[in-house]
>>> print(open('start24.tsv').read())   # TSV, C-alpha atoms and all ligand atoms
chain	number	residue	atom	x	y	z
A	1	MET	CA	28.05	-218.57	-2.06
A	2	SER	CA	24.80	-216.81	-2.79
A	3	GLY	CA	23.58	-216.12	-6.29
A	4	LYS	CA	22.72	-212.49	-5.56
A	5	THR	CA	24.16	-209.44	-7.24
A	6	ILE	CA	25.52	-206.80	-4.91
A	7	LEU	CA	26.63	-203.33	-5.87
A	8	THR	CA	27.96	-200.35	-4.02
A	9	GLY	CA	29.46	-196.99	-4.87
A	10	VAL	CA	32.05	-195.07	-2.91
A	11	LYS	CA	32.65	-191.38	-3.20
A	12	PRO	CA	36.29	-190.45	-3.55
A	13	THR	CA	36.78	-188.51	-0.34
A	14	GLY	CA	40.35	-188.97	0.76
A	15	ALA	CA	42.14	-191.68	2.72
A	16	PRO	CA	40.07	-193.88	5.05
A	17	HIS	CA	40.52	-194.39	8.79
A	18	ILE	CA	40.18	-197.66	10.66
A	19	GLY	CA	36.57	-196.74	11.61
A	20	ASN	CA	35.65	-196.53	7.92
A	21	TYR	CA	37.42	-199.85	7.42
A	22	ILE	CA	35.53	-201.68	10.17
A	23	GLY	CA	32.17	-199.97	9.55
A	24	ALA	CA	32.06	-199.89	5.78
A	25	ILE	CA	35.01	-201.29	3.82
A	26	ARG	CA	35.52	-204.65	5.50
A	27	PRO	CA	31.80	-205.58	5.50
A	28	ALA	CA	31.47	-204.64	1.83
A	29	LEU	CA	34.54	-206.71	0.92
A	30	ARG	CA	33.22	-209.68	2.88
A	31	LEU	CA	29.83	-209.40	1.25
A	32	ALA	CA	31.41	-209.13	-2.20
A	33	ALA	CA	33.53	-212.21	-1.57
A	34	ALA	CA	30.43	-214.20	-0.62
A	35	GLN	CA	28.32	-213.31	-3.67
A	36	GLN	CA	28.38	-214.57	-7.16
A	37	LYS	CA	28.29	-211.15	-8.74
A	38	SER	CA	29.61	-207.97	-7.20
A	39	TYR	CA	30.10	-204.48	-8.51
A	40	LEU	CA	32.02	-201.75	-6.77
A	41	PHE	CA	32.58	-198.38	-8.33
A	42	ILE	CA	34.11	-195.00	-7.67
A	43	ALA	CA	31.27	-192.49	-7.69
A	44	ASP	CA	33.26	-189.69	-9.30
A	45	TYR	CA	30.30	-188.00	-10.98
A	46	HIS	CA	28.60	-187.84	-7.59
A	47	ALA	CA	31.73	-186.26	-6.12
A	48	LEU	CA	31.80	-183.67	-8.89
A	49	ASN	CA	28.74	-181.95	-7.42
A	50	ALA	CA	30.88	-180.86	-4.48
A	51	VAL	CA	34.49	-181.01	-5.71
A	52	HIS	CA	35.39	-178.43	-8.34
A	53	ASP	CA	39.13	-178.87	-8.15
A	54	PRO	CA	40.26	-181.12	-11.05
A	55	LYS	CA	43.49	-182.16	-9.35
A	56	ALA	CA	41.70	-183.12	-6.14
A	57	LEU	CA	39.06	-185.13	-8.01
A	58	ARG	CA	41.71	-187.02	-9.99
A	59	GLU	CA	43.91	-187.75	-6.99
A	60	ASP	CA	41.06	-188.74	-4.70
A	61	SER	CA	39.82	-191.18	-7.32
A	62	TYR	CA	43.23	-192.85	-7.51
A	63	GLN	CA	43.40	-192.90	-3.75
A	64	VAL	CA	40.11	-194.68	-3.31
A	65	ALA	CA	40.98	-197.18	-6.06
A	66	ALA	CA	44.35	-197.99	-4.46
A	67	CYS	CA	42.66	-198.22	-1.08
A	68	TRP	CA	40.13	-200.90	-2.01
A	69	LEU	CA	42.67	-202.93	-3.94
A	70	ALA	CA	45.17	-202.76	-1.07
A	71	LEU	CA	42.53	-203.91	1.40
A	72	GLY	CA	41.71	-207.01	-0.59
A	73	LEU	CA	39.27	-206.23	-3.38
A	74	ASP	CA	39.85	-208.85	-6.06
A	75	PRO	CA	39.36	-207.17	-9.45
A	76	GLN	CA	39.04	-210.57	-11.12
A	77	LYS	CA	35.98	-211.32	-9.04
A	78	THR	CA	34.45	-207.94	-8.31
A	79	VAL	CA	33.74	-205.62	-11.21
A	80	PHE	CA	35.64	-202.51	-10.17
A	81	TYR	CA	35.26	-199.32	-12.21
A	82	ARG	CA	34.87	-195.58	-12.37
A	83	GLN	CA	31.29	-194.41	-12.75
A	84	SER	CA	32.47	-191.85	-15.33
A	85	ASP	CA	33.76	-194.68	-17.57
A	86	VAL	CA	30.28	-196.14	-18.00
A	87	PRO	CA	28.30	-193.62	-20.10
A	88	GLU	CA	25.26	-195.93	-20.20
A	89	ILE	CA	24.58	-194.95	-16.57
A	90	PHE	CA	24.00	-191.34	-17.58
A	91	GLU	CA	21.66	-192.21	-20.39
A	92	LEU	CA	19.74	-194.45	-18.07
A	93	ALA	CA	19.40	-191.55	-15.61
A	94	THR	CA	17.73	-189.56	-18.39
A	95	LEU	CA	15.30	-192.39	-19.09
A	96	LEU	CA	14.44	-192.64	-15.40
A	97	ALA	CA	13.94	-188.87	-15.21
A	98	ALA	CA	11.02	-189.24	-17.62
A	99	VAL	CA	9.01	-191.29	-15.11
A	100	THR	CA	10.25	-189.77	-11.84
A	101	PRO	CA	8.03	-187.18	-10.16
A	102	LYS	CA	9.79	-183.95	-9.23
A	103	GLY	CA	8.28	-184.28	-5.76
A	104	LEU	CA	10.45	-187.30	-5.11
A	105	MET	CA	13.60	-185.21	-5.53
A	106	ASP	CA	12.07	-182.49	-3.32
A	107	ARG	CA	11.75	-185.06	-0.54
A	108	ALA	CA	15.37	-186.28	-0.68
A	109	HIS	CA	17.09	-185.90	2.71
A	110	SER	CA	20.31	-184.52	1.27
A	111	TYR	CA	18.51	-181.81	-0.70
A	112	LYS	CA	16.20	-180.96	2.21
A	113	ALA	CA	19.15	-180.69	4.58
A	114	ALA	CA	20.88	-178.25	2.23
A	115	VAL	CA	17.69	-176.15	1.99
A	116	ASP	CA	17.24	-176.14	5.78
A	117	LYS	CA	20.82	-175.00	6.24
A	118	ASN	CA	20.24	-172.07	3.88
A	119	ARG	CA	17.00	-171.11	5.62
A	120	GLU	CA	18.68	-171.14	9.02
A	121	ALA	CA	21.40	-168.89	7.67
A	122	GLY	CA	18.73	-166.50	6.34
A	123	ARG	CA	19.76	-167.15	2.73
A	124	ASP	CA	17.79	-168.01	-0.38
A	125	PRO	CA	16.63	-171.63	0.16
A	126	ASP	CA	18.34	-172.84	-3.04
A	127	ALA	CA	21.56	-170.88	-2.61
A	128	ASP	CA	24.60	-172.92	-3.75
A	129	ILE	CA	22.46	-175.96	-4.52
A	130	ASN	CA	23.35	-177.26	-7.97
A	131	MET	CA	21.22	-179.57	-10.12
A	132	GLY	CA	23.73	-182.34	-9.46
A	133	LEU	CA	22.85	-182.31	-5.77
A	134	TYR	CA	19.16	-181.97	-6.54
A	135	THR	CA	19.05	-184.92	-8.93
A	136	TYR	CA	21.59	-187.01	-6.97
A	137	PRO	CA	19.06	-189.79	-6.26
A	138	LEU	CA	18.27	-190.11	-9.96
A	139	LEU	CA	21.89	-190.79	-10.88
A	140	MET	CA	22.27	-193.13	-7.93
A	141	ALA	CA	19.22	-195.08	-9.08
A	142	ALA	CA	20.78	-195.45	-12.54
A	143	ASP	CA	24.02	-196.71	-10.91
A	144	ILE	CA	22.07	-199.41	-9.14
A	145	LEU	CA	19.45	-200.39	-11.71
A	146	MET	CA	21.85	-200.75	-14.63
A	147	ALA	CA	23.41	-203.84	-13.02
A	148	GLN	CA	20.09	-205.51	-12.07
A	149	THR	CA	21.25	-205.30	-8.46
A	150	ASP	CA	19.65	-207.37	-5.68
A	151	ILE	CA	21.35	-205.85	-2.65
A	152	VAL	CA	23.12	-202.58	-1.93
A	153	PRO	CA	25.18	-202.55	1.28
A	154	VAL	CA	24.81	-199.07	2.78
A	155	GLY	CA	25.00	-196.90	5.86
A	156	LYS	CA	21.79	-195.54	7.41
A	157	ASP	CA	22.10	-192.21	5.63
A	158	GLN	CA	21.77	-193.91	2.24
A	159	VAL	CA	18.63	-195.96	2.85
A	160	GLN	CA	16.29	-193.36	1.38
A	161	HIS	CA	18.30	-193.38	-1.83
A	162	ILE	CA	17.82	-197.11	-2.24
A	163	GLU	CA	14.10	-196.79	-1.57
A	164	PHE	CA	13.94	-194.10	-4.26
A	165	ALA	CA	15.79	-196.37	-6.70
A	166	ARG	CA	13.20	-199.03	-5.99
A	167	ASP	CA	10.39	-196.53	-6.54
A	168	MET	CA	11.87	-195.42	-9.84
A	169	ALA	CA	12.30	-199.00	-11.03
A	170	GLY	CA	8.63	-199.55	-10.19
A	171	TYR	CA	7.44	-196.42	-12.03
A	172	PHE	CA	9.38	-197.43	-15.11
A	173	ASN	CA	8.36	-201.10	-15.06
A	174	ASN	CA	4.68	-200.16	-14.57
A	175	THR	CA	4.67	-197.43	-17.20
A	176	PHE	CA	6.36	-199.59	-19.85
A	177	LYS	CA	7.36	-203.20	-19.29
A	178	PRO	CA	9.31	-204.87	-16.51
A	179	VAL	CA	12.96	-204.11	-17.23
A	180	PHE	CA	14.52	-203.40	-13.85
A	181	LYS	CA	14.97	-205.64	-10.86
A	182	LEU	CA	13.76	-203.96	-7.65
A	183	PRO	CA	16.83	-203.50	-5.44
A	184	GLY	CA	16.98	-203.98	-1.67
A	185	TYR	CA	19.57	-202.87	0.84
A	186	GLN	CA	21.63	-204.35	3.61
A	187	LEU	CA	22.29	-202.02	6.51
A	188	GLU	CA	25.77	-201.80	8.01
A	189	LYS	CA	25.84	-203.02	11.59
A	190	GLU	CA	25.28	-200.32	14.19
A	191	GLY	CA	27.47	-202.07	16.72
A	192	ALA	CA	30.58	-201.46	14.71
A	193	LEU	CA	31.11	-197.86	15.74
A	194	LEU	CA	34.76	-197.31	16.60
A	195	PRO	CA	35.81	-194.67	19.10
A	196	GLY	CA	38.65	-192.34	18.13
A	197	ILE	CA	41.79	-191.79	20.19
A	198	ASP	CA	39.94	-189.23	22.35
A	199	GLY	CA	36.90	-191.50	22.96
A	200	ARG	CA	34.39	-189.69	20.74
A	201	LYS	CA	33.21	-191.46	17.55
A	202	MET	CA	36.22	-191.85	15.28
A	203	SER	CA	35.81	-189.26	12.55
A	204	LYS	CA	37.96	-187.23	10.23
A	205	SER	CA	36.01	-184.17	11.30
A	206	TYR	CA	37.09	-184.64	14.94
A	207	ASN	CA	40.67	-185.33	13.89
A	208	ASN	CA	40.76	-188.22	16.36
A	209	HIS	CA	41.22	-190.92	13.74
A	210	ILE	CA	43.83	-193.56	13.04
A	211	PRO	CA	44.40	-193.68	9.27
A	212	VAL	CA	44.45	-197.10	7.63
A	213	PHE	CA	47.56	-196.35	5.61
A	214	MET	CA	50.51	-194.99	7.54
A	215	ASP	CA	54.04	-196.05	8.39
A	216	SER	CA	54.60	-198.13	11.49
A	217	ASN	CA	56.23	-195.40	13.58
A	218	ALA	CA	53.41	-192.96	13.01
A	219	ARG	CA	50.87	-195.70	13.77
A	220	GLN	CA	52.62	-196.54	17.02
A	221	LYS	CA	52.71	-192.89	18.08
A	222	LEU	CA	48.98	-192.52	17.49
A	223	VAL	CA	48.14	-195.67	19.43
A	224	MET	CA	50.26	-194.42	22.34
A	225	LYS	CA	48.18	-191.21	22.35
A	226	ILE	CA	44.89	-193.03	23.06
A	227	VAL	CA	43.26	-191.51	26.13
A	228	THR	CA	43.01	-193.67	29.29
A	229	ASP	CA	42.19	-193.08	32.94
A	230	SER	CA	44.92	-193.33	35.58
A	231	LYS	CA	44.33	-196.91	36.78
A	232	ARG	CA	47.50	-198.80	37.61
A	233	PRO	CA	48.35	-202.08	35.80
A	234	GLU	CA	47.19	-204.33	38.67
A	235	GLU	CA	43.83	-202.58	39.13
A	236	PRO	CA	40.73	-204.24	37.60
A	237	LYS	CA	39.45	-202.33	34.58
A	238	ASN	CA	36.16	-202.38	32.75
A	239	PRO	CA	37.05	-203.36	29.15
A	240	ASP	CA	33.82	-201.81	27.85
A	241	GLU	CA	35.00	-198.42	29.08
A	242	SER	CA	38.42	-198.70	27.51
A	243	ILE	CA	38.99	-197.12	24.11
A	244	ILE	CA	41.97	-199.42	23.59
A	245	PHE	CA	39.90	-202.52	24.19
A	246	GLN	CA	36.98	-201.35	22.06
A	247	ILE	CA	39.24	-200.85	19.07
A	248	TYR	CA	41.16	-204.05	19.81
A	249	THR	CA	38.05	-206.27	19.71
A	250	HIS	CA	37.49	-205.55	16.03
A	251	PHE	CA	40.85	-206.95	15.05
A	252	ILE	CA	40.98	-210.24	16.91
A	253	ALA	CA	39.24	-213.58	16.43
A	254	ALA	CA	36.07	-214.21	18.46
A	255	GLU	CA	37.84	-216.98	20.42
A	256	GLU	CA	40.44	-214.54	21.72
A	257	LEU	CA	37.86	-212.11	23.03
A	258	GLN	CA	37.15	-213.73	26.40
A	259	SER	CA	40.78	-214.03	27.45
A	260	ALA	CA	41.44	-210.44	26.36
A	261	ARG	CA	38.50	-209.25	28.48
A	262	ARG	CA	39.74	-211.18	31.47
A	263	LEU	CA	43.16	-209.51	31.35
A	264	PHE	CA	41.40	-206.18	31.83
A	265	GLU	CA	38.88	-207.36	34.38
A	266	GLU	CA	41.44	-209.14	36.55
A	267	GLY	CA	44.02	-206.36	36.49
A	268	LYS	CA	46.52	-208.46	34.58
A	269	ILE	CA	47.42	-205.82	32.03
A	270	GLY	CA	48.39	-202.14	32.18
A	271	TYR	CA	47.41	-199.58	29.60
A	272	GLY	CA	50.95	-199.41	28.22
A	273	ASP	CA	50.97	-203.12	27.39
A	274	ALA	CA	47.39	-203.02	26.12
A	275	LYS	CA	48.46	-200.28	23.70
A	276	LYS	CA	51.40	-202.41	22.58
A	277	ASN	CA	49.04	-205.30	21.88
A	278	LEU	CA	46.71	-203.04	19.94
A	279	PHE	CA	49.63	-201.74	17.91
A	280	ILE	CA	50.65	-205.31	17.10
A	281	VAL	CA	47.21	-206.29	15.79
A	282	LEU	CA	46.95	-203.08	13.77
A	283	GLU	CA	50.37	-203.76	12.26
A	284	ARG	CA	49.29	-207.30	11.42
A	285	GLU	CA	46.21	-205.98	9.66
A	286	PHE	CA	47.57	-202.89	7.90
A	287	GLU	CA	51.33	-203.14	7.38
A	288	LYS	CA	51.05	-205.09	4.15
A	289	PRO	CA	48.06	-203.13	2.78
A	290	THR	CA	50.01	-199.92	3.44
A	291	GLN	CA	52.84	-201.24	1.26
A	292	ILE	CA	50.46	-202.29	-1.50
A	293	TYR	CA	48.66	-198.96	-1.31
A	294	THR	CA	51.94	-197.06	-1.66
A	295	GLU	CA	52.92	-199.19	-4.65
A	296	TYR	CA	49.62	-198.55	-6.43
A	297	MET	CA	49.77	-194.83	-5.74
A	298	ALA	CA	53.16	-194.77	-7.46
A	299	LYS	CA	51.62	-196.43	-10.53
A	300	PRO	CA	48.50	-194.54	-11.58
A	301	ALA	CA	48.77	-196.06	-15.07
A	302	LEU	CA	48.26	-199.50	-13.57
A	303	LEU	CA	45.18	-198.27	-11.71
A	304	ASP	CA	43.84	-196.77	-14.94
A	305	GLU	CA	44.31	-200.08	-16.69
A	306	LEU	CA	42.58	-202.06	-13.96
A	307	LEU	CA	39.65	-199.64	-13.82
A	308	ALA	CA	39.32	-199.59	-17.61
A	309	ALA	CA	39.09	-203.38	-17.65
A	310	GLY	CA	36.41	-203.19	-14.97
A	311	ALA	CA	34.48	-200.56	-16.92
A	312	GLU	CA	34.50	-202.85	-19.97
A	313	LYS	CA	32.78	-205.55	-17.92
A	314	ALA	CA	30.34	-203.11	-16.31
A	315	ARG	CA	29.40	-201.76	-19.73
A	316	GLN	CA	28.30	-205.19	-20.92
A	317	ILE	CA	25.47	-205.44	-18.41
A	318	ALA	CA	24.82	-201.69	-18.61
A	319	ARG	CA	24.35	-201.89	-22.39
A	320	GLN	CA	21.98	-204.84	-22.08
A	321	THR	CA	19.84	-203.06	-19.51
A	322	LEU	CA	19.89	-199.76	-21.35
A	323	SER	CA	19.05	-201.34	-24.69
A	324	ARG	CA	16.04	-203.10	-23.23
A	325	ALA	CA	14.93	-199.93	-21.44
A	326	ARG	CA	15.19	-197.93	-24.66
A	327	GLU	CA	13.26	-200.56	-26.55
A	328	VAL	CA	10.26	-200.69	-24.21
A	329	THR	CA	9.89	-196.90	-24.34
A	330	GLY	CA	9.74	-196.86	-28.14
A	331	LEU	CA	13.30	-195.65	-28.61
A	332	LYS	CA	15.61	-197.72	-30.77
A	333	PRO	CA	17.43	-200.50	-28.91
A	334	LEU	CA	21.22	-200.36	-29.01
A	335	ARG	CA	22.93	-202.35	-31.70
A	401	LIG	P1	33.99	-189.52	8.79
A	401	LIG	O1	33.07	-189.38	9.98
A	401	LIG	O2	35.39	-189.81	9.20
A	401	LIG	O3	33.88	-188.35	7.81
A	401	LIG	P2	32.31	-190.85	6.91
A	401	LIG	O4	31.11	-190.16	7.43
A	401	LIG	O5	32.88	-190.42	5.59
A	401	LIG	O6	33.47	-190.79	8.01
A	401	LIG	O7	31.99	-192.40	6.87
A	401	LIG	C1	32.18	-193.26	5.78
A	401	LIG	C2	31.71	-194.66	6.18
A	401	LIG	O8	32.50	-195.17	7.27
A	401	LIG	C3	30.26	-194.70	6.63
A	401	LIG	O9	29.65	-195.76	5.93
A	401	LIG	C4	30.29	-195.00	8.12
A	401	LIG	O10	29.32	-195.96	8.43
A	401	LIG	C5	31.67	-195.58	8.36
A	401	LIG	N1	32.24	-195.02	9.59
A	401	LIG	C6	32.62	-193.74	9.78
A	401	LIG	N2	33.11	-193.54	11.01
A	401	LIG	C7	33.03	-194.74	11.64
A	401	LIG	C8	33.36	-195.21	12.96
A	401	LIG	N3	33.90	-194.41	13.86
A	401	LIG	N4	33.13	-196.52	13.24
A	401	LIG	C9	32.59	-197.33	12.32
A	401	LIG	N5	32.25	-196.97	11.09
A	401	LIG	C10	32.45	-195.68	10.73
A	402	LIG	N1	25.61	-191.94	-2.32
A	402	LIG	C1	26.63	-192.84	-1.83
A	402	LIG	C2	27.38	-192.14	-0.68
A	402	LIG	O1	27.31	-190.94	-0.53
A	402	LIG	C3	27.59	-193.23	-2.92
A	402	LIG	C4	26.89	-193.91	-4.06
A	402	LIG	C5	26.67	-193.41	-5.30
A	402	LIG	C6	26.29	-195.21	-4.01
A	402	LIG	N2	26.00	-194.33	-6.05
A	402	LIG	C7	25.74	-195.43	-5.31
A	402	LIG	C8	26.18	-196.18	-3.02
A	402	LIG	C9	25.07	-196.62	-5.59
A	402	LIG	C10	25.50	-197.37	-3.31
A	402	LIG	C11	24.95	-197.58	-4.61
A	402	LIG	O2	28.06	-192.81	0.08
>>> encode(input="start24.tsv", output="structure tokens")
Amino acid sequence: MSGKTILTGVKPTGAPHIGNYIGAIRPALRLAAAQQKSYLFIADYHALNAVHDPKALREDSYQVAACWLALGLDPQKTVFYRQSDVPEIFELATLLAAVTPKGLMDRAHSYKAAVDKNREAGRDPDADINMGLYTYPLLMAADILMAQTDIVPVGKDQVQHIEFARDMAGYFNNTFKPVFKLPGYQLEKEGALLPGIDGRKMSKSYNNHIPVFMDSNARQKLVMKIVTDSKRPEEPKNPDESIIFQIYTHFIAAEELQSARRLFEEGKIGYGDAKKNLFIVLEREFEKPTQIYTEYMAKPALLDELLAAGAEKARQIARQTLSRAREVTGLKPLR
């Protein structure tokens, strides 16, 4: 076990698919289990910039909470909370704003992408861009710095945000006194890109995904729909070109990999049986989590309770950090 503090935020954006699980959820859970201190939160204030439907925001937040718990997050070990339940984060964002150059926000990829899109469409460059989107990196820095985080596990698209958080910590520490730890990041592995049932990258936007939580019949039907070529069972097949095999490899132990490859290469398995095997490993992995997920979704009060307990713990460190930050600026420390 390492003595580092890890922290990550997830936006509530609907139910995950098995690509999200392999690429993001499972690595974050493994990392959390291996560290002394871990924080995982639902970034609902971040979602609010884009979601203006109260019912959707509420339900998506429950969904993401139930999802992580069902997949193995241990709320006794990992501090698990809603961002919106930790008001210290927002005050910290205001303190950071005082030392953050506007130019830094202008350079943020997400803001620049939104501006470019408007320009291409011949619209005003700032059309439909709210201040929440513009100052997104500021709030994200407060999320991270409040917990004195060492490592943030992230996808490639988030790296700039972590670098900004580091910059802001530096500006603040240099302007006043050292208060914030400078955070680093750990990049998700590139190799873990799952294909969808049609062979393109698995993605909700291609509608080629296999959801994590679904009943067994529906799961089986989806697996049976995976695209293959027309090779007969006894023909040798290249496992690296098979969607079935590529998904399968992520759900078996490393020792089983060679024999599974050989079945393909030596023409000892047909696609029908390979799909059955894939279905079996997916059932093994997700049948129980699907049950747990369904149970949690039926008990939102239980989720509220769990998240409130997590927020209590998060607020302890947040208050310490905020109090110290206030003090070094000349504001009154918290009592
Ligand atoms: P989608 O493309 O379905 O909208 P997102 O872009 O919301 O998925 O991805 C959320 C997280 O899941 C990201 O961190 C990304 O790295 C991971 N992820 C998404 N699709 C895949 C995939 N096909 N294989 C592996 N990881 C993925
Ligand atoms: N911006 C992240 C995303 O879009 C979510 C997020 C918010 C986050 N605050 C964070 C991630 C702090 C890591 C640390 O996925």
>>> residues_around(input="start24.tsv", residues="Tyr21 of chain A", least_positions_apart="4", cutoff="12 Å", atoms="only C-alpha atoms", output="ChimeraX atom specification")
/A:15-17,25-30,67-68,70-72,188,192-194,202-203,209-213,247,250-251,282,285-286
>>> residues_near_point(input="start24.tsv", point="(14.6, -196.1, -24.5)", cutoff="12 Å", atoms="all atoms listed in the file", output="NGL selection string")
:A and (88 or 91-99 or 172 or 176-177 or 179 or 319-334)
>>> closest_residue(input="start24.tsv", among="A:Ile243, A:Lys77, A:Gln291, A:Asp44", to="Leu278 of chain A", atoms="all atoms listed in the file")
A:Ile243
>>> closest_residue(input="start24.tsv", among="A:Leu187, A:Met146, A:Ile22, A:Leu222", to="ligand LIG 401 (chain A)", atoms="only C-alpha atoms and all ligand atoms")
A:Ile22
>>> atom_distance(input="start24.tsv", atom1="atom CA of Arg262 of chain A", atom2="atom CA of Tyr248 of chain A")
13.7 Å
>>> closest_residue(input="start24.tsv", among="A:Asn277, A:Ser84, A:Thr175, A:Thr13", to="Ala56 of chain A", atoms="all atoms listed in the file")
A:Thr13
>>> closest_residue(input="start24.tsv", among="A:Asp85, A:Asp150, A:Asp128, A:Glu241", to="Lys37 of chain A", atoms="all atoms listed in the file")
A:Asp150
>>> axis_aligned_box(input="start24.tsv", around="ligand LIG 401 (chain A)", padding_each_side="6 Å", output="JSON")
{"center_x": 32.4, "center_y": -192.8, "center_z": 9.7, "size_x": 18.1, "size_y": 21.0, "size_z": 20.3}
>>> residues_near_point(input="start24.tsv", point="(20.3, -192.1, -4.1)", cutoff="7 Å", atoms="only C-alpha atoms", output="PyMOL selection string")
chain A and resi 136-138+140-141+158+160-162+164-165
>>> closest_atom_pairs(input="start24.tsv", of="chain A", to="ligand LIG 402 (chain A)", cutoff="10 Å", atoms="only C-alpha atoms and all ligand atoms", output="tab-separated table")
residue	atom	partner	partner_atom	distance
A:Ile6	CA	A:LIG402	C11	9.2
A:Leu7	CA	A:LIG402	C11	6.1
A:Thr8	CA	A:LIG402	C10	3.9
A:Gly9	CA	A:LIG402	C6	3.7
A:Val10	CA	A:LIG402	C3	4.8
A:Lys11	CA	A:LIG402	C3	5.4
A:Pro12	CA	A:LIG402	C3	9.2
A:Thr13	CA	A:LIG402	O2	9.7
A:Ala24	CA	A:LIG402	O2	9.9
A:Tyr39	CA	A:LIG402	C11	9.5
A:Leu40	CA	A:LIG402	C11	8.5
A:Phe41	CA	A:LIG402	C7	8.0
A:Ile42	CA	A:LIG402	C5	8.0
A:Ala43	CA	A:LIG402	C5	5.3
A:Asp44	CA	A:LIG402	C5	8.6
A:Tyr45	CA	A:LIG402	C5	8.6
A:His46	CA	A:LIG402	C5	6.3
A:Ala47	CA	A:LIG402	O1	8.5
A:Gln83	CA	A:LIG402	N2	8.5
A:Ser110	CA	A:LIG402	O1	9.7
A:Tyr136	CA	A:LIG402	N1	7.9
A:Pro137	CA	A:LIG402	N1	7.9
A:Leu138	CA	A:LIG402	N2	9.6
A:Leu139	CA	A:LIG402	N2	7.3
A:Met140	CA	A:LIG402	N2	4.3
A:Ala141	CA	A:LIG402	C9	7.0
A:Ala142	CA	A:LIG402	C9	8.3
A:Asp143	CA	A:LIG402	C9	5.4
A:Ile144	CA	A:LIG402	C9	5.4
A:Leu145	CA	A:LIG402	C9	9.1
A:Thr149	CA	A:LIG402	C11	9.4
A:Ile151	CA	A:LIG402	C11	9.2
A:Val152	CA	A:LIG402	C10	5.9
A:Pro153	CA	A:LIG402	C10	6.9
A:Val154	CA	A:LIG402	C10	6.4
A:Gly155	CA	A:LIG402	O2	7.7
A:Asp157	CA	A:LIG402	O2	8.2
A:Gln158	CA	A:LIG402	N1	6.3
A:Val159	CA	A:LIG402	C10	9.3
A:His161	CA	A:LIG402	N1	7.5
A:Ile162	CA	A:LIG402	C11	7.5
A:Ala165	CA	A:LIG402	C9	9.3
A:Tyr185	CA	A:LIG402	C10	9.1
>>> atom_distance(input="start24.tsv", atom1="atom N4 of ligand LIG 401 (chain A)", atom2="atom CA of Asn238 of chain A")
20.6 Å
>>> closest_residue(input="start24.tsv", among="A:Gly199, A:Gly132, A:Pro125, A:Gly267", to="ligand LIG 401 (chain A)", atoms="only C-alpha atoms and all ligand atoms")
A:Gly199
>>> closest_residue(input="start24.tsv", among="A:Pro101, A:Pro75, A:Pro233, A:Gly196", to="ligand LIG 401 (chain A)", atoms="only C-alpha atoms and all ligand atoms")
A:Gly196
>>> atom_distance(input="start24.tsv", atom1="atom CA of Ala311 of chain A", atom2="atom CA of Val86 of chain A")
6.2 Å
>>> residues_around(input="start24.tsv", residues="Arg284 of chain A", least_positions_apart="3", cutoff="12 Å", atoms="all atoms listed in the file", output="JSON, numbers by chain")
{"A": [212, 216, 219, 251, 252, 277, 278, 279, 280, 281, 287, 288, 289, 290]}
